[in-house]
Each structure stands twice: as structure tokens, then as C-alpha cells.
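final-v2.txt follows; it contains compact mmCIF, C-alpha atoms.
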```txt
# COMPACT_ATOMS: atom_id res chain seq x y z
CA MET A 1 -21.50 11.42 4.81
CA ALA A 2 -22.35 10.87 1.17
CA THR A 3 -20.12 12.70 -1.28
CA LYS A 4 -20.35 13.17 -4.96
CA ASN A 5 -17.77 11.28 -6.97
CA PRO A 6 -15.25 13.30 -8.97
CA LYS A 7 -15.49 13.25 -12.74
CA PHE A 8 -13.70 10.19 -14.11
CA ILE A 9 -12.44 10.50 -17.67
CA THR A 10 -10.81 7.71 -19.69
CA THR A 11 -8.65 8.32 -22.75
CA THR A 12 -7.58 5.32 -24.80
CA ARG A 13 -5.02 5.77 -27.56
CA LYS A 14 -2.60 3.69 -29.55
CA PRO A 15 1.09 4.04 -28.62
CA ALA A 16 1.77 6.12 -31.74
CA GLU A 17 -0.91 8.57 -30.67
CA TRP A 18 0.56 8.85 -27.17
CA PHE A 19 3.92 9.50 -28.80
CA GLU A 20 2.32 12.25 -30.87
CA ALA A 21 1.03 13.81 -27.64
CA ALA A 22 4.57 13.62 -26.20
CA ASP A 23 5.94 15.26 -29.32
CA LYS A 24 3.38 18.07 -29.09
CA LEU A 25 4.21 18.63 -25.45
CA ALA A 26 7.97 18.74 -26.02
CA LYS A 27 7.57 21.17 -28.93
CA ARG A 28 5.29 23.43 -26.91
CA VAL A 29 7.42 23.58 -23.77
CA LEU A 30 10.97 23.25 -25.10
CA ASN A 31 10.66 23.55 -28.87
CA LEU A 32 12.25 20.10 -29.17
CA SER A 33 11.14 16.75 -30.52
CA ALA A 34 9.85 14.22 -27.99
CA ARG A 35 12.97 12.06 -28.39
CA ASP A 36 15.35 15.00 -27.91
CA ALA A 37 13.44 16.20 -24.85
CA TRP A 38 13.29 12.65 -23.50
CA SER A 39 17.07 12.30 -23.84
CA LEU A 40 17.51 15.42 -21.72
CA VAL A 41 15.03 14.20 -19.10
CA CYS A 42 16.72 10.80 -18.94
CA ALA A 43 20.06 12.55 -18.46
CA GLY A 44 18.63 14.31 -15.40
CA GLN A 45 17.68 17.68 -16.81
CA TYR A 46 14.30 19.03 -15.74
CA GLU A 47 14.28 16.46 -12.96
CA GLY A 48 11.41 17.07 -10.57
CA THR A 49 9.49 19.33 -12.95
CA PRO A 50 5.87 18.82 -14.01
CA PHE A 51 7.05 18.73 -17.61
CA ALA A 52 9.38 15.81 -16.96
CA ALA A 53 6.62 13.93 -15.13
CA GLU A 54 4.13 14.37 -17.96
CA LEU A 55 6.66 13.54 -20.68
CA SER A 56 7.70 10.45 -18.76
CA GLN A 57 4.11 9.23 -18.52
CA LEU A 58 3.39 9.90 -22.20
CA MET A 59 6.58 8.14 -23.32
CA SER A 60 5.70 5.17 -21.10
CA LEU A 61 2.24 4.97 -22.69
CA ALA A 62 3.94 5.21 -26.07
CA GLY A 63 6.17 2.26 -25.16
CA GLU A 64 9.32 4.38 -25.43
CA ASP A 65 10.80 3.74 -21.99
CA GLN A 66 12.49 0.40 -22.75
CA HIS A 67 15.91 1.59 -21.65
CA PHE A 68 14.73 1.71 -18.04
CA SER A 69 15.05 -1.29 -15.80
CA HIS A 70 12.01 -2.10 -13.74
CA ALA A 71 12.25 -1.22 -10.06
CA ALA A 72 12.35 -4.10 -7.64
CA GLU A 73 8.93 -4.69 -6.13
CA MET B 1 -11.49 9.39 -1.34
CA ILE B 2 -10.52 12.42 -3.43
CA ALA B 3 -14.05 13.77 -3.19
CA ALA B 4 -14.14 13.39 0.61
CA THR B 5 -10.73 15.01 1.11
CA LEU B 6 -10.02 17.52 -1.65
CA GLY B 7 -13.48 17.89 -3.16
CA ALA B 8 -15.61 16.46 -5.95
CA THR B 9 -14.79 19.22 -8.44
CA HIS B 10 -11.42 17.67 -9.27
CA SER B 11 -11.40 15.22 -12.16
CA VAL B 12 -9.47 11.95 -12.32
CA HIS B 13 -8.09 10.94 -15.70
CA ARG B 14 -7.31 7.40 -16.75
CA ARG B 15 -4.98 7.04 -19.72
CA GLU B 16 -4.78 3.69 -21.49
CA ASP B 17 -2.68 2.06 -24.14
CA ALA B 18 -5.17 0.67 -26.65
CA THR B 19 -2.86 -2.29 -27.29
CA ASN B 20 -2.42 -3.17 -23.58
CA PRO B 21 -5.60 -2.60 -21.57
CA ASN B 22 -4.05 -4.17 -18.46
CA ARG B 23 -1.74 -1.20 -17.95
CA PHE B 24 -2.98 2.36 -17.40
CA SER B 25 -2.06 5.66 -15.80
CA LEU B 26 -4.07 7.85 -13.48
CA VAL B 27 -3.71 11.63 -13.22
CA LEU B 28 -5.53 13.89 -10.78
CA GLY B 29 -6.88 16.93 -12.55
CA PRO B 30 -6.68 17.77 -16.26
CA PRO B 31 -3.40 16.33 -17.64
CA SER B 32 -2.91 19.60 -19.52
CA GLU B 33 -2.37 21.31 -16.15
CA LEU B 34 1.03 19.76 -15.58
CA ALA B 35 1.63 21.12 -12.09
CA GLY B 36 -1.62 19.57 -10.84
CA ILE B 37 -4.69 20.90 -9.09
CA ARG B 38 -4.67 24.20 -7.28
CA LEU B 39 -5.41 24.12 -3.57
CA LYS B 40 -5.43 26.70 -0.81
CA GLY B 41 -3.39 25.92 2.28
CA SER B 42 -2.62 27.81 5.47
CA ARG B 43 0.61 29.02 3.86
CA GLY B 44 -1.09 30.14 0.66
CA ASP B 45 -1.91 28.58 -2.68
CA LEU B 46 -0.19 25.43 -3.82
CA TYR B 47 -0.40 22.87 -6.62
CA PHE B 48 -0.80 19.18 -5.95
CA SER B 49 0.06 16.61 -8.58
CA LEU B 50 -0.88 12.94 -8.26
CA ARG B 51 0.16 10.40 -10.90
CA GLN B 52 0.25 6.61 -10.88
CA THR B 53 0.89 3.86 -13.39
CA LEU B 54 -0.91 0.64 -12.59
CA GLU B 55 -0.99 -2.79 -14.14
CA ALA B 56 -3.42 -5.67 -13.76
CA VAL B 57 -1.28 -8.80 -13.49
CA ARG B 58 -2.76 -12.28 -13.85
CA GLN B 59 -2.14 -14.45 -10.81
CA PRO B 60 -1.69 -18.27 -10.68
CA ASP B 61 -5.34 -18.60 -9.65
CA LYS B 62 -6.29 -16.71 -12.86
CA ALA B 63 -7.53 -13.70 -10.89
CA PHE B 64 -6.05 -10.29 -11.70
CA ARG B 65 -4.09 -8.33 -9.13
CA LEU B 66 -3.59 -4.58 -9.45
CA LYS B 67 0.05 -3.57 -9.02
CA THR B 68 1.49 -0.07 -8.78
CA ARG B 69 4.31 0.31 -11.30
CA GLU B 70 5.09 3.98 -10.65
CA TYR B 71 3.79 6.88 -8.64
CA ARG B 72 4.58 10.54 -8.24
CA TYR B 73 3.01 12.85 -5.69
CA ALA B 74 4.26 16.42 -5.80
CA ILE B 75 3.54 19.72 -4.13
CA ALA B 76 4.53 22.91 -5.94
CA GLU B 77 4.32 26.61 -5.17
CA ASP B 78 3.32 27.64 -8.67
CA ALA B 79 2.06 26.21 -11.96
CA ASN B 80 5.31 26.70 -13.86
CA GLU B 81 5.90 23.55 -15.93
CA LEU B 82 9.68 23.77 -15.62
CA THR B 83 9.91 24.55 -11.91
CA GLU B 84 10.87 21.64 -9.68
CA ALA B 85 8.24 20.57 -7.20
CA PHE B 86 8.76 21.91 -3.70
CA ILE B 87 8.60 18.30 -2.48
CA ARG B 88 7.95 15.09 -4.39
CA TRP B 89 7.49 11.46 -3.42
CA GLU B 90 8.22 8.99 -6.16
CA TYR B 91 8.25 5.30 -6.87
CA ALA B 92 10.10 5.28 -10.13
CA VAL B 93 11.53 2.89 -12.63
CA ARG B 94 15.31 3.06 -12.29
CA PRO B 95 17.21 4.04 -15.41
CA ALA B 96 19.67 1.37 -16.49
CA GLY B 97 22.89 1.66 -14.53
CA LYS B 98 21.37 3.58 -11.61
CA THR B 99 21.25 2.09 -8.13
CA TRP B 100 19.17 4.55 -6.09
CA CYS B 101 16.18 3.59 -4.00
CA ALA B 102 13.06 3.30 -6.17
CA HIS B 103 10.81 4.67 -3.38
CA HIS B 104 12.18 8.09 -2.46
CA VAL B 105 11.51 11.70 -1.58
CA GLN B 106 13.23 14.76 -3.04
CA ILE B 107 13.20 18.47 -2.23
CA GLY B 108 13.26 20.84 -5.19
CA ARG B 109 15.63 23.77 -5.67
CA ARG B 110 14.50 27.33 -5.01
CA ASP B 111 15.64 30.11 -7.33
CA GLN B 112 18.23 27.69 -8.72
CA ASN B 113 19.60 27.11 -5.22
CA ALA B 114 19.54 23.60 -3.91
CA HIS B 115 18.55 22.78 -0.36
CA VAL B 116 21.64 21.13 1.03
CA LEU B 117 22.57 19.40 4.22
CA GLN B 118 26.17 19.57 5.27
CA PHE B 119 27.35 16.03 5.72
CA ASN B 120 30.92 15.41 6.83
CA GLY B 121 31.83 18.81 5.44
CA GLN B 122 30.29 18.13 2.05
CA PRO B 123 26.93 19.28 0.74
CA LEU B 124 24.14 16.75 0.25
CA ASP B 125 21.82 18.16 -2.44
CA LEU B 126 18.27 17.18 -1.43
CA ASN B 127 17.07 17.61 -5.01
CA LYS B 128 19.56 15.07 -6.29
CA VAL B 129 19.78 12.41 -3.60
CA HIS B 130 17.02 9.80 -3.46
CA THR B 131 16.18 9.65 0.24
CA PRO B 132 14.37 6.34 0.80
CA THR B 133 10.77 6.35 2.04
CA GLY B 134 9.14 2.96 1.64
CA PHE B 135 5.86 2.73 -0.24
CA VAL B 136 4.04 6.04 0.23
CA LEU B 137 0.27 5.75 0.05
CA ILE B 138 -1.86 8.48 -1.50
CA GLU B 139 -3.64 8.57 1.86
CA TYR B 140 -0.42 9.63 3.61
CA VAL B 141 0.13 12.54 1.23
CA LEU B 142 -3.52 13.61 1.50
CA ARG B 143 -3.15 13.59 5.28
CA PHE B 144 -0.03 15.75 4.94
CA LEU B 145 -2.01 18.26 2.86
CA LEU B 146 -5.01 18.32 5.19
CA SER B 147 -3.17 18.38 8.50
CA ASN B 148 -1.76 21.53 10.09
CA ASP B 149 1.47 20.90 8.17
CA ILE B 150 0.02 22.36 4.98
CA GLY B 151 -3.47 23.29 6.16
CA VAL B 152 -5.65 22.58 3.12
CA LYS B 153 -9.29 22.74 4.21
CA PRO B 154 -10.86 19.26 3.89
CA ALA B 155 -13.93 18.90 1.69
CA THR B 156 -15.83 16.91 4.34
CA THR B 157 -15.72 16.52 8.10
CA ASP B 158 -15.23 12.76 7.98
CA TRP B 159 -12.03 12.88 5.91
CA GLU B 160 -9.98 11.07 8.56
CA THR B 161 -12.43 8.16 8.61
CA VAL B 162 -12.34 8.01 4.82
CA LEU B 163 -8.53 7.92 4.82
CA ALA B 164 -8.35 5.29 7.56
CA THR B 165 -10.85 3.07 5.72
CA SER B 166 -8.93 3.40 2.50
CA GLU B 167 -5.60 2.65 4.17
CA ARG B 168 -7.05 -0.43 5.83
CA ALA B 169 -8.39 -1.65 2.49
CA PHE B 170 -4.98 -1.18 0.92
CA PHE B 171 -3.17 -3.23 3.57
CA GLU B 172 -5.85 -5.92 3.84
CA ASP B 173 -6.82 -6.31 0.19
CA PHE B 174 -4.32 -4.66 -2.13
CA SER B 175 -1.01 -5.68 -0.61
CA ARG B 176 -1.67 -9.35 0.14
```
So, in terms of C-alpha cells, how does the structure I just supplied come out?
Amino acid sequence: MATKNPKFITTTRKPAEWFEAADKLAKRVLNLSARDAWSLVCAGQYEGTPFAAELSQLMSLAGEDQHFSHAAE
Amino acid sequence: MIAATLGATHSVHRREDATNPNRFSLVLGPPSELAGIRLKGSRGDLYFSLRQTLEAVRQPDKAFRLKTREYRYAIAEDANELTEAFIRWEYAVRPAGKTWCAHHVQIGRRDQNAHVLQFNGQPLDLNKVHTPTGFVLIEYVLRFLLSNDIGVKPATTDWETVLATSERAFFEDFSR
């Protein structure tokens, strides 16, 4: 059965711009800077929450997740 | 696959680093809706979040191979951005110093109360422990949503064929 494809949207930004998006998110949800919020998330707070998932993705796009070791494949 | 299972109204967003086009993230639904897309199941409304980070890696034969670097599939009861997902499957980068299984499943707390299993007289907090799962395909989670377990109504009648085809492609083409 033929189905329509979902809308596919691409957003390309420089790392600094992704970091700005992370900063905006952290301020909106927690009234913290991205780095302060990220420290809490890395320490285990907000684990499992949509906020932590989005912040994690934005910080990864911003190149700010260097303190993580890559999982074994 | 999303169109055939959950419907074509849901958008898929690709987010790229302008300085590294080989690595990108995918998000189902508008990224601004952090809890994911809203669905209706047999137990009521729920929110489904699907995120992946992928990287195109050059192989010795100069071809590129797409590798999954991270994934997170989560089901939540509401759209609260600070409420833990009811259940979440993750393939995550391990923080330095941690030794837990990278592929795992976790069960979120409810009203601040953790779901615990008593194990040798001590509680095992299912939100904290990283119960191993192996690599969980999107197709498996979609099947979970569409089966009687959760009871989301499929968008098409041939959703099982679509999932089976996609799974076969993954094992035959993607994971060689």
C-alpha cells in the first residue's frame, strides 16, 4: 500500500549555534546556563527526562560532550 | 516506515553540525516537543520519543557506512519535560568512569517513587540500574507500540510487512 512520506526537515548549524540552542533550552526549563544544566545532567539529575535527552543531543551537536567515553560497538 | 506505522503527519527532523556533515541526529516530531509525538493507545494517550545520532564512517574500500552512535526511544504518560519516561531504551555513550551496559532499558519513577525489585533483601531501582538489552531496533519499539501491549492503532494495514522488510534490510545491509 502506498503511503505518503512524513515531512523531513533538516537543520544545519555551527557548533556555537547548537550551543546557543542548548543555552536557551536550559534557561527556559531550569533558569540555568547550558553548562550548569549539563553538569547536573552528567551527575545523574534529570536522568530519563525529555529535557535531559534534548540537552544531551544539543550539547553533542555543539561538541561539548568530550568528557564521555565512546561506548563499545 | 514511520508513515506506514504511526502515520505520515509526524515530521522527522535531521540536525547537522555544519562543520561535520558526516555526523547527524534524527528526532521524530518537532524537537521543541521534548516528550515526543502524542499517540493514542488502548490505555490512553501517550508520548513517544525517538532520537538517534548517526555517523557516516569511511570504510577501507572508500565507501561510507552508516553507524548508530546513540539512540533513545522513550514512552511517557505526559508531555512534562522534567518527568522521567515511563520506559526508555537507550544506547548511550558512557560517561568517563562508568561501567554500565551501553545498550539498556530503564523504568522511570512514578510520583517520585522508584519501581524496585527486591533482590536478596535489597531494592533494585529500575530507574537507576542499566538492564542490558542488546541493540534495540526502532522496528521493535514500533511493534511494541502497535501490538496489544500498548495498542496504538497502526496507520496502515500492512504495518507488519513494512516492519519485517525494514528489519531484514537492517540485518542484511546495515549490520554487515
task: Kindly provide, as a ChimeraX atom specification, the residues of chain B having any atom no farther than 7 Å from an atom of chain A, counting only C-alpha atoms.
output: /B:3-4,8-19,34-35,81-85,92-96,102,108
Go ahead and dump the residues you just picked, C-alpha atoms, as an mmCIF file, keeping the file's coordinate frame.
```
data_model
loop_
_atom_site.group_PDB
_atom_site.id
_atom_site.type_symbol
_atom_site.label_atom_id
_atom_site.label_comp_id
_atom_site.auth_asym_id
_atom_site.auth_seq_id
_atom_site.Cartn_x
_atom_site.Cartn_y
_atom_site.Cartn_z
ATOM 1 C CA ALA B 3 -14.050 13.770 -3.190
ATOM 2 C CA ALA B 4 -14.140 13.390 0.610
ATOM 3 C CA ALA B 8 -15.610 16.460 -5.950
ATOM 4 C CA THR B 9 -14.790 19.220 -8.440
ATOM 5 C CA HIS B 10 -11.420 17.670 -9.270
ATOM 6 C CA SER B 11 -11.400 15.220 -12.160
ATOM 7 C CA VAL B 12 -9.470 11.950 -12.320
ATOM 8 C CA HIS B 13 -8.090 10.940 -15.700
ATOM 9 C CA ARG B 14 -7.310 7.400 -16.750
ATOM 10 C CA ARG B 15 -4.980 7.040 -19.720
ATOM 11 C CA GLU B 16 -4.780 3.690 -21.490
ATOM 12 C CA ASP B 17 -2.680 2.060 -24.140
ATOM 13 C CA ALA B 18 -5.170 0.670 -26.650
ATOM 14 C CA THR B 19 -2.860 -2.290 -27.290
ATOM 15 C CA LEU B 34 1.030 19.760 -15.580
ATOM 16 C CA ALA B 35 1.630 21.120 -12.090
ATOM 17 C CA GLU B 81 5.900 23.550 -15.930
ATOM 18 C CA LEU B 82 9.680 23.770 -15.620
ATOM 19 C CA THR B 83 9.910 24.550 -11.910
ATOM 20 C CA GLU B 84 10.870 21.640 -9.680
ATOM 21 C CA ALA B 85 8.240 20.570 -7.200
ATOM 22 C CA ALA B 92 10.100 5.280 -10.130
ATOM 23 C CA VAL B 93 11.530 2.890 -12.630
ATOM 24 C CA ARG B 94 15.310 3.060 -12.290
ATOM 25 C CA PRO B 95 17.210 4.040 -15.410
ATOM 26 C CA ALA B 96 19.670 1.370 -16.490
ATOM 27 C CA ALA B 102 13.060 3.300 -6.170
ATOM 28 C CA GLY B 108 13.260 20.840 -5.190
#
```
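Taking CA of His115 (chain B) as the reference point, CA of Glu139 (chain B) is found at 26.4 Å.
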message: My list of candidates is B:Arg51, B:Arg72, B:His130, B:Arg65. Which is closest to Gly29 (chain B) when distances are computed with only C-alpha atoms?
response: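 The answer is B:Arg51, which sits nearest to Gly29 (chain B).
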task: Find the distance between CA of Leu117 (chain B) and CA of Val105 (chain B) and write it in Å to one decimal.
output: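 We find that CA of Leu117 (chain B) and CA of Val105 (chain B) lie 14.7 Å from each other.
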- request: Compare B:Gln122, B:Ile75, B:Arg23, B:Ile107 by their minimum atom-to-atom distance to Ala56 (chain B), counting all atoms listed in the file, and give me the closest one.
  value: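 Between B:Gln122, B:Ile75, B:Arg23, B:Ile107, the residue approaching Ala56 (chain B) most closely is B:Arg23.
CA of Leu46 (chain B) sits 10.2 Å away from CA of Ala74 (chain B).
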Your completed region 46-57 of chain A with all heavy atoms, as a JSON list (two decimals), keeping the file's coordinate frame:
```
[["chain", "number", "residue", "atom", "x", "y", "z"],
["A", 46, "TYR", "N", 15.72, 18.81, -16.03],
["A", 46, "TYR", "CA", 14.30, 19.03, -15.74],
["A", 46, "TYR", "C", 13.77, 18.05, -14.70],
["A", 46, "TYR", "O", 12.55, 17.87, -14.56],
["A", 46, "TYR", "CB", 13.44, 18.97, -17.02],
["A", 46, "TYR", "CG", 13.95, 19.86, -18.11],
["A", 46, "TYR", "CD1", 14.53, 19.33, -19.26],
["A", 46, "TYR", "CD2", 13.91, 21.24, -17.97],
["A", 46, "TYR", "CE1", 15.04, 20.16, -20.24],
["A", 46, "TYR", "CE2", 14.42, 22.07, -18.95],
["A", 46, "TYR", "CZ", 14.98, 21.52, -20.08],
["A", 46, "TYR", "OH", 15.49, 22.34, -21.06],
["A", 47, "GLU", "N", 14.70, 17.41, -13.97],
["A", 47, "GLU", "CA", 14.28, 16.46, -12.96],
["A", 47, "GLU", "C", 13.39, 17.15, -11.94],
["A", 47, "GLU", "O", 13.69, 18.24, -11.47],
["A", 47, "GLU", "CB", 15.51, 15.87, -12.27],
["A", 47, "GLU", "CG", 15.18, 14.74, -11.31],
["A", 47, "GLU", "CD", 16.43, 14.10, -10.72],
["A", 47, "GLU", "OE1", 17.54, 14.50, -11.10],
["A", 47, "GLU", "OE2", 16.27, 13.20, -9.89],
["A", 48, "GLY", "N", 12.29, 16.50, -11.59],
["A", 48, "GLY", "CA", 11.41, 17.07, -10.57],
["A", 48, "GLY", "C", 10.40, 18.07, -11.09],
["A", 48, "GLY", "O", 9.59, 18.59, -10.32],
["A", 49, "THR", "N", 10.43, 18.33, -12.40],
["A", 49, "THR", "CA", 9.49, 19.33, -12.95],
["A", 49, "THR", "C", 8.21, 18.64, -13.44],
["A", 49, "THR", "O", 8.23, 17.45, -13.81],
["A", 49, "THR", "CB", 10.11, 20.08, -14.12],
["A", 49, "THR", "OG1", 10.33, 19.17, -15.20],
["A", 49, "THR", "CG2", 11.42, 20.74, -13.72],
["A", 50, "PRO", "N", 7.11, 19.38, -13.46],
["A", 50, "PRO", "CA", 5.87, 18.82, -14.01],
["A", 50, "PRO", "C", 6.02, 18.38, -15.46],
["A", 50, "PRO", "O", 5.43, 17.39, -15.87],
["A", 50, "PRO", "CB", 4.88, 19.99, -13.89],
["A", 50, "PRO", "CG", 5.41, 20.84, -12.80],
["A", 50, "PRO", "CD", 6.90, 20.72, -12.89],
["A", 51, "PHE", "N", 6.82, 19.11, -16.21],
["A", 51, "PHE", "CA", 7.05, 18.73, -17.61],
["A", 51, "PHE", "C", 7.68, 17.35, -17.71],
["A", 51, "PHE", "O", 7.24, 16.51, -18.49],
["A", 51, "PHE", "CB", 7.97, 19.76, -18.29],
["A", 51, "PHE", "CG", 8.49, 19.29, -19.61],
["A", 51, "PHE", "CD1", 7.67, 19.23, -20.72],
["A", 51, "PHE", "CD2", 9.82, 18.88, -19.74],
["A", 51, "PHE", "CE1", 8.15, 18.77, -21.95],
["A", 51, "PHE", "CE2", 10.31, 18.44, -20.95],
["A", 51, "PHE", "CZ", 9.48, 18.37, -22.07],
["A", 52, "ALA", "N", 8.71, 17.10, -16.92],
["A", 52, "ALA", "CA", 9.38, 15.81, -16.96],
["A", 52, "ALA", "C", 8.43, 14.69, -16.56],
["A", 52, "ALA", "O", 8.44, 13.60, -17.14],
["A", 52, "ALA", "CB", 10.60, 15.81, -16.03],
["A", 53, "ALA", "N", 7.58, 14.94, -15.59],
["A", 53, "ALA", "CA", 6.62, 13.93, -15.13],
["A", 53, "ALA", "C", 5.62, 13.59, -16.23],
["A", 53, "ALA", "O", 5.31, 12.42, -16.48],
["A", 53, "ALA", "CB", 5.89, 14.42, -13.89],
["A", 54, "GLU", "N", 5.11, 14.60, -16.90],
["A", 54, "GLU", "CA", 4.13, 14.37, -17.96],
["A", 54, "GLU", "C", 4.79, 13.69, -19.16],
["A", 54, "GLU", "O", 4.25, 12.74, -19.73],
["A", 54, "GLU", "CB", 3.48, 15.70, -18.39],
["A", 54, "GLU", "CG", 2.57, 15.63, -19.61],
["A", 54, "GLU", "CD", 1.26, 14.88, -19.39],
["A", 54, "GLU", "OE1", 1.07, 14.26, -18.32],
["A", 54, "GLU", "OE2", 0.41, 14.91, -20.30],
["A", 55, "LEU", "N", 5.96, 14.15, -19.54],
["A", 55, "LEU", "CA", 6.66, 13.54, -20.68],
["A", 55, "LEU", "C", 6.97, 12.07, -20.39],
["A", 55, "LEU", "O", 6.79, 11.20, -21.23],
["A", 55, "LEU", "CB", 7.95, 14.30, -21.00],
["A", 55, "LEU", "CG", 8.69, 13.81, -22.25],
["A", 55, "LEU", "CD1", 7.88, 14.11, -23.50],
["A", 55, "LEU", "CD2", 10.07, 14.44, -22.35],
["A", 56, "SER", "N", 7.38, 11.82, -19.17],
["A", 56, "SER", "CA", 7.70, 10.45, -18.76],
["A", 56, "SER", "C", 6.47, 9.56, -18.89],
["A", 56, "SER", "O", 6.55, 8.43, -19.40],
["A", 56, "SER", "CB", 8.20, 10.48, -17.32],
["A", 56, "SER", "OG", 8.46, 9.18, -16.87],
["A", 57, "GLN", "N", 5.34, 10.04, -18.45],
["A", 57, "GLN", "CA", 4.11, 9.23, -18.52],
["A", 57, "GLN", "C", 3.70, 9.00, -19.98],
["A", 57, "GLN", "O", 3.31, 7.89, -20.35],
["A", 57, "GLN", "CB", 2.99, 9.91, -17.74],
["A", 57, "GLN", "CG", 1.83, 8.96, -17.44],
["A", 57, "GLN", "CD", 0.80, 9.57, -16.51],
["A", 57, "GLN", "OE1", -0.06, 10.33, -16.93],
["A", 57, "GLN", "NE2", 0.88, 9.23, -15.23]]
```
